[in-house]
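Structure data (PDB, C-alpha atoms, pLDDT in the B column) from target-v5.pdb:
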```
ATOM      1  CA  MET A   1     -13.524  14.391 -33.506  1.00 90.00           C
ATOM      2  CA  LYS A   2     -13.295  18.085 -32.674  1.00 93.00           C
ATOM      3  CA  PRO A   3     -12.776  19.866 -29.348  1.00 95.00           C
ATOM      4  CA  PHE A   4     -16.037  20.531 -27.509  1.00 96.00           C
ATOM      5  CA  ALA A   5     -15.046  24.046 -26.411  1.00 97.00           C
ATOM      6  CA  THR A   6     -12.504  26.861 -26.596  1.00 97.00           C
ATOM      7  CA  GLY A   7      -9.662  27.010 -24.094  1.00 97.00           C
ATOM      8  CA  LYS A   8      -6.351  25.488 -23.051  1.00 97.00           C
ATOM      9  CA  LEU A   9      -6.040  21.732 -23.682  1.00 97.00           C
ATOM     10  CA  LEU A  10      -5.033  19.767 -20.566  1.00 96.00           C
ATOM     11  CA  TYR A  11      -4.204  16.202 -19.601  1.00 95.00           C
ATOM     12  CA  LEU A  12      -6.750  14.574 -17.282  1.00 94.00           C
ATOM     13  CA  GLU A  13      -3.950  14.066 -14.766  1.00 93.00           C
ATOM     14  CA  GLU A  14      -3.777  17.869 -14.399  1.00 93.00           C
ATOM     15  CA  VAL A  15      -7.409  18.151 -13.279  1.00 92.00           C
ATOM     16  CA  ASP A  16      -7.785  19.058  -9.603  1.00 89.00           C
ATOM     17  CA  ASP A  17     -10.160  16.193  -8.805  1.00 88.00           C
ATOM     18  CA  PRO A  18      -8.819  12.682  -8.139  1.00 83.00           C
ATOM     19  CA  PHE A  19     -11.963  11.009  -9.482  1.00 87.00           C
ATOM     20  CA  PHE A  20     -11.173  12.397 -12.927  1.00 86.00           C
ATOM     21  CA  SER A  21      -7.370  12.700 -12.766  1.00 83.00           C
ATOM     22  CA  LEU A  22      -7.062   8.999 -11.854  1.00 82.00           C
ATOM     23  CA  LYS A  23      -9.274   8.179 -14.868  1.00 86.00           C
ATOM     24  CA  LEU A  24     -11.850   6.319 -12.786  1.00 83.00           C
ATOM     25  CA  MET A  25     -14.521   7.085 -15.407  1.00 88.00           C
ATOM     26  CA  GLY A  26     -12.228   6.454 -18.354  1.00 91.00           C
ATOM     27  CA  ASP A  27      -9.530   8.185 -20.347  1.00 95.00           C
ATOM     28  CA  GLY A  28     -10.070  11.653 -21.722  1.00 95.00           C
ATOM     29  CA  TYR A  29      -8.900  15.224 -21.829  1.00 97.00           C
ATOM     30  CA  ALA A  30      -9.797  18.543 -20.239  1.00 96.00           C
ATOM     31  CA  ILE A  31     -10.150  22.107 -21.468  1.00 97.00           C
ATOM     32  CA  ASP A  32      -9.590  25.110 -19.205  1.00 97.00           C
ATOM     33  CA  LEU A  33     -12.422  27.114 -20.729  1.00 98.00           C
ATOM     34  CA  SER A  34     -11.965  30.630 -22.052  1.00 97.00           C
ATOM     35  CA  GLU A  35     -15.495  30.729 -23.540  1.00 97.00           C
ATOM     36  CA  GLY A  36     -18.719  29.201 -22.239  1.00 97.00           C
ATOM     37  CA  GLU A  37     -20.096  27.605 -25.411  1.00 98.00           C
ATOM     38  CA  ILE A  38     -20.051  23.789 -25.306  1.00 98.00           C
ATOM     39  CA  ARG A  39     -20.367  22.119 -28.710  1.00 98.00           C
ATOM     40  CA  ALA A  40     -20.838  18.581 -30.012  1.00 97.00           C
ATOM     41  CA  PRO A  41     -17.418  17.011 -30.720  1.00 96.00           C
ATOM     42  CA  PHE A  42     -18.904  14.688 -33.369  1.00 96.00           C
ATOM     43  CA  ASP A  43     -22.122  13.701 -35.130  1.00 97.00           C
ATOM     44  CA  GLY A  44     -24.243  11.527 -32.878  1.00 98.00           C
ATOM     45  CA  GLU A  45     -26.998  11.516 -30.286  1.00 98.00           C
ATOM     46  CA  VAL A  46     -27.463  12.972 -26.821  1.00 99.00           C
ATOM     47  CA  SER A  47     -27.892   9.925 -24.585  1.00 98.00           C
ATOM     48  CA  MET A  48     -28.181  11.743 -21.255  1.00 97.00           C
ATOM     49  CA  VAL A  49     -28.533  15.268 -19.890  1.00 97.00           C
ATOM     50  CA  PHE A  50     -28.055  15.651 -16.151  1.00 96.00           C
ATOM     51  CA  PRO A  51     -30.918  17.678 -14.617  1.00 95.00           C
ATOM     52  CA  THR A  52     -28.374  20.134 -13.174  1.00 95.00           C
ATOM     53  CA  GLY A  53     -26.935  20.805 -16.647  1.00 95.00           C
ATOM     54  CA  HIS A  54     -23.373  20.151 -15.498  1.00 96.00           C
ATOM     55  CA  ALA A  55     -22.910  17.031 -17.644  1.00 97.00           C
ATOM     56  CA  LEU A  56     -24.081  15.547 -20.941  1.00 98.00           C
ATOM     57  CA  ALA A  57     -23.472  12.129 -22.463  1.00 98.00           C
ATOM     58  CA  LEU A  58     -23.172  11.608 -26.210  1.00 98.00           C
ATOM     59  CA  VAL A  59     -22.921   8.552 -28.448  1.00 98.00           C
ATOM     60  CA  SER A  60     -21.249   8.770 -31.858  1.00 96.00           C
ATOM     61  CA  LYS A  61     -22.540   7.024 -34.966  1.00 94.00           C
ATOM     62  CA  ASP A  62     -19.903   4.303 -34.413  1.00 93.00           C
ATOM     63  CA  ASN A  63     -21.017   3.812 -30.767  1.00 95.00           C
ATOM     64  CA  MET A  64     -18.216   5.706 -29.041  1.00 95.00           C
ATOM     65  CA  GLU A  65     -19.585   7.106 -25.787  1.00 97.00           C
ATOM     66  CA  VAL A  66     -18.347  10.292 -24.151  1.00 97.00           C
ATOM     67  CA  LEU A  67     -19.351  12.228 -21.074  1.00 97.00           C
ATOM     68  CA  LEU A  68     -18.863  15.988 -21.181  1.00 98.00           C
ATOM     69  CA  HIS A  69     -18.450  17.089 -17.565  1.00 97.00           C
ATOM     70  CA  LEU A  70     -18.734  20.866 -17.382  1.00 97.00           C
ATOM     71  CA  GLY A  71     -16.597  22.204 -14.554  1.00 95.00           C
ATOM     72  CA  ILE A  72     -15.492  20.661 -11.277  1.00 94.00           C
ATOM     73  CA  ASP A  73     -18.015  20.379  -8.406  1.00 93.00           C
ATOM     74  CA  THR A  74     -20.496  22.363 -10.510  1.00 95.00           C
ATOM     75  CA  ILE A  75     -23.252  19.905  -9.577  1.00 92.00           C
ATOM     76  CA  GLU A  76     -23.402  21.898  -6.328  1.00 94.00           C
ATOM     77  CA  LEU A  77     -24.724  24.906  -8.295  1.00 95.00           C
ATOM     78  CA  GLU A  78     -27.971  22.949  -8.882  1.00 94.00           C
ATOM     79  CA  GLY A  79     -28.281  24.064 -12.497  1.00 95.00           C
ATOM     80  CA  ARG A  80     -27.443  27.729 -12.000  1.00 96.00           C
ATOM     81  CA  GLY A  81     -24.877  28.907 -14.551  1.00 97.00           C
ATOM     82  CA  PHE A  82     -25.895  26.399 -17.252  1.00 97.00           C
ATOM     83  CA  LEU A  83     -28.255  26.834 -20.190  1.00 97.00           C
ATOM     84  CA  THR A  84     -28.686  23.442 -21.862  1.00 97.00           C
ATOM     85  CA  GLN A  85     -29.632  23.651 -25.548  1.00 98.00           C
ATOM     86  CA  VAL A  86     -30.381  19.949 -26.240  1.00 98.00           C
ATOM     87  CA  HIS A  87     -32.423  17.074 -24.809  1.00 98.00           C
ATOM     88  CA  GLU A  88     -31.983  13.327 -24.421  1.00 98.00           C
ATOM     89  CA  GLY A  89     -32.488  11.406 -27.641  1.00 98.00           C
ATOM     90  CA  GLN A  90     -31.736  14.419 -29.835  1.00 98.00           C
ATOM     91  CA  SER A  91     -29.470  13.946 -32.852  1.00 98.00           C
ATOM     92  CA  VAL A  92     -26.591  16.419 -32.986  1.00 98.00           C
ATOM     93  CA  THR A  93     -24.024  17.388 -35.583  1.00 97.00           C
ATOM     94  CA  CYS A  94     -20.368  18.163 -34.974  1.00 96.00           C
ATOM     95  CA  GLY A  95     -20.063  21.761 -33.767  1.00 95.00           C
ATOM     96  CA  GLN A  96     -23.717  22.094 -32.715  1.00 97.00           C
ATOM     97  CA  LEU A  97     -24.260  24.150 -29.548  1.00 98.00           C
ATOM     98  CA  LEU A  98     -25.059  21.839 -26.607  1.00 98.00           C
ATOM     99  CA  SER A  99     -24.866  24.159 -23.622  1.00 98.00           C
ATOM    100  CA  ILE A 100     -23.868  27.646 -22.550  1.00 98.00           C
ATOM    101  CA  MET A 101     -21.918  28.031 -19.325  1.00 98.00           C
ATOM    102  CA  ASP A 102     -21.843  31.337 -17.453  1.00 98.00           C
ATOM    103  CA  LEU A 103     -18.128  31.167 -16.646  1.00 98.00           C
ATOM    104  CA  GLU A 104     -18.167  34.335 -14.541  1.00 98.00           C
ATOM    105  CA  TYR A 105     -21.046  33.080 -12.377  1.00 98.00           C
ATOM    106  CA  ILE A 106     -19.458  29.655 -11.939  1.00 98.00           C
ATOM    107  CA  GLN A 107     -16.082  31.143 -10.944  1.00 98.00           C
ATOM    108  CA  LYS A 108     -17.691  33.689  -8.576  1.00 98.00           C
ATOM    109  CA  ASN A 109     -19.296  30.731  -6.815  1.00 97.00           C
ATOM    110  CA  GLY A 110     -15.906  29.110  -6.240  1.00 96.00           C
ATOM    111  CA  LYS A 111     -16.158  26.381  -8.874  1.00 97.00           C
ATOM    112  CA  SER A 112     -13.645  25.436 -11.535  1.00 96.00           C
ATOM    113  CA  THR A 113     -14.471  26.028 -15.197  1.00 97.00           C
ATOM    114  CA  VAL A 114     -12.201  23.228 -16.373  1.00 97.00           C
ATOM    115  CA  ALA A 115     -14.439  20.946 -18.456  1.00 97.00           C
ATOM    116  CA  LEU A 116     -13.745  17.331 -19.363  1.00 97.00           C
ATOM    117  CA  CYS A 117     -14.379  14.925 -22.212  1.00 97.00           C
ATOM    118  CA  LEU A 118     -14.362  11.383 -20.813  1.00 96.00           C
ATOM    119  CA  PHE A 119     -14.373   8.324 -23.067  1.00 96.00           C
ATOM    120  CA  THR A 120     -16.750   6.031 -21.198  1.00 95.00           C
ATOM    121  CA  SER A 121     -16.741   3.212 -23.769  1.00 93.00           C
ATOM    122  CA  GLY A 122     -13.123   2.212 -23.125  1.00 93.00           C
ATOM    123  CA  GLU A 123     -11.124   4.162 -25.708  1.00 94.00           C
ATOM    124  CA  LYS A 124      -7.631   5.391 -24.867  1.00 95.00           C
ATOM    125  CA  ILE A 125      -6.325   8.703 -26.134  1.00 94.00           C
ATOM    126  CA  THR A 126      -3.084  10.513 -26.774  1.00 93.00           C
ATOM    127  CA  ILE A 127      -3.145  14.306 -26.574  1.00 94.00           C
ATOM    128  CA  LEU A 128      -1.353  15.767 -29.582  1.00 93.00           C
ATOM    129  CA  LYS A 129      -1.475  19.473 -28.657  1.00 90.00           C
ATOM    130  CA  PRO A 130      -1.070  19.699 -24.860  1.00 92.00           C
ATOM    131  CA  HIS A 131      -1.332  23.129 -23.245  1.00 94.00           C
ATOM    132  CA  GLN A 132      -2.298  24.799 -26.522  1.00 94.00           C
ATOM    133  CA  LEU A 133      -5.354  26.946 -27.141  1.00 95.00           C
ATOM    134  CA  VAL A 134      -7.992  24.930 -28.985  1.00 95.00           C
ATOM    135  CA  THR A 135     -11.362  25.896 -30.418  1.00 91.00           C
ATOM    136  CA  SER A 136     -14.340  23.845 -31.550  1.00 86.00           C
ATOM    137  CA  SER A 137     -12.931  24.035 -35.078  1.00 87.00           C
ATOM    138  CA  SER A 138      -9.394  22.851 -34.199  1.00 89.00           C
ATOM    139  CA  GLU A 139      -8.159  19.694 -35.920  1.00 87.00           C
ATOM    140  CA  HIS A 140      -6.080  16.738 -34.726  1.00 86.00           C
ATOM    141  CA  ILE A 141      -5.889  17.516 -31.016  1.00 91.00           C
ATOM    142  CA  ILE A 142      -6.093  13.889 -29.881  1.00 93.00           C
ATOM    143  CA  GLU A 143      -5.525  10.396 -31.215  1.00 93.00           C
ATOM    144  CA  ILE A 144      -8.155   7.819 -30.228  1.00 93.00           C
ATOM    145  CA  ARG A 145      -7.427   4.097 -29.874  1.00 91.00           C
ATOM    146  CA  LYS A 146      -9.974   1.359 -29.308  1.00 85.00           C
ATOM    147  CA  GLU A 147      -8.859  -1.018 -26.571  1.00 71.00           C
ATOM    148  CA  LYS A 148      -9.508  -4.707 -27.188  1.00 59.00           C
TER     149      LYS A 148
END
```

Spell out the structure here as structure tokens.
Amino acid sequence: MKPFATGKLLYLEEVDDPFFSLKLMGDGYAIDLSEGEIRAPFDGEVSMVFPTGHALALVSKDNMEVLLHLGIDTIELEGRGFLTQVHEGQSVTCGQLLSIMDLEYIQKNGKSTVALCLFTSGEKITILKPHQLVTSSSEHIIEIRKEK
């Protein structure tokens, strides 16, 4: 699995939103974005695209489910600042462009551009490169464990 974007790798607990930092939707990691391109972290399928473009759900070939949540409170922008490049049911390959975020627009509207990868099928993760700059081609940034 590769990072879904370029930026500084963060622990979920560092995200300024208790819903995510308390892991209520599952374990995961965050990236404080330095670029607005959001890419597929693995080969799989797009299972859901929120109409506002602020979130996408993906399923890997081995049925791991992740939710990519793009920014904090960005749902309030009602789709402005997001250019989704995929649709539900579409197959994607690792590194494929999923969405483009207008980081400047989102920040000017008072929203955070910290994006999250949430493991919604129960996996637990260990971050191997906390607080480092990662790109969509970085390797070995997290370790994933299936919980029984």

Q | Proximity to Ser138 (chain A) - best of A:Ser99, A:Phe119, A:Thr84, A:Cys94, all atoms listed in the file | A |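 So, comparing all the options, the nearest one is A:Cys94.
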
Q. What lies within 12 Å of Glu14 (chain A) using all atoms listed in the file, ignoring chain neighbours under 6 positions off, as a list in words?
A.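 That gives Lys8, Phe20, Ser21, Leu22, Lys23, Gly28, Tyr29, Ala30, Ile31, Asp32, Val114, Ala115, Leu116, Pro130 and His131 of chain A.
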
Q: Find the residue from A:Glu104, A:Asp43, A:Asp17, A:Glu78 that sits nearest to Gln90 (chain A); use all atoms listed in the file when measuring.
A: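 That would be A:Asp43, the residue with the smallest distance to Gln90 (chain A).
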
With the file shown as input, list the residues that the PyMOL selection byres ((chain A and resi 51-54) around 10) selects, as a short mmCIF file (atom, residue, chain, number, x, y, z; two decimals) with C-alpha atoms, keeping the file's coordinate frame.
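selection.cif, written as the output of this step:
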```
data_model
loop_
_atom_site.label_atom_id
_atom_site.label_comp_id
_atom_site.auth_asym_id
_atom_site.auth_seq_id
_atom_site.Cartn_x
_atom_site.Cartn_y
_atom_site.Cartn_z
CA MET A 48 -28.18 11.74 -21.26
CA VAL A 49 -28.53 15.27 -19.89
CA PHE A 50 -28.06 15.65 -16.15
CA ALA A 55 -22.91 17.03 -17.64
CA LEU A 56 -24.08 15.55 -20.94
CA LEU A 68 -18.86 15.99 -21.18
CA HIS A 69 -18.45 17.09 -17.57
CA LEU A 70 -18.73 20.87 -17.38
CA GLY A 71 -16.60 22.20 -14.55
CA ILE A 72 -15.49 20.66 -11.28
CA ASP A 73 -18.02 20.38 -8.41
CA THR A 74 -20.50 22.36 -10.51
CA ILE A 75 -23.25 19.90 -9.58
CA GLU A 76 -23.40 21.90 -6.33
CA LEU A 77 -24.72 24.91 -8.30
CA GLU A 78 -27.97 22.95 -8.88
CA GLY A 79 -28.28 24.06 -12.50
CA ARG A 80 -27.44 27.73 -12.00
CA GLY A 81 -24.88 28.91 -14.55
CA PHE A 82 -25.90 26.40 -17.25
CA LEU A 83 -28.26 26.83 -20.19
CA THR A 84 -28.69 23.44 -21.86
CA GLN A 85 -29.63 23.65 -25.55
CA SER A 99 -24.87 24.16 -23.62
CA ILE A 100 -23.87 27.65 -22.55
CA MET A 101 -21.92 28.03 -19.32
CA ALA A 115 -14.44 20.95 -18.46
#
```

Q. Counting all atoms listed in the file, what is within 8 Å of Gly7 (chain A), bar same-chain residues fewer than 2 positions away, as a count of residues only?
A. 10

Q.
I'd like the neighbourhood of Met1 (chain A) as a ChimeraX atom specification, where a residue qualifies if any of its atoms comes within 12 Å (using only C-alpha atoms), though same-chain residues fewer than 3 positions away should be ignored.
A. /A:4,39-44,60-62,64,66,93-95,117,125,136-144
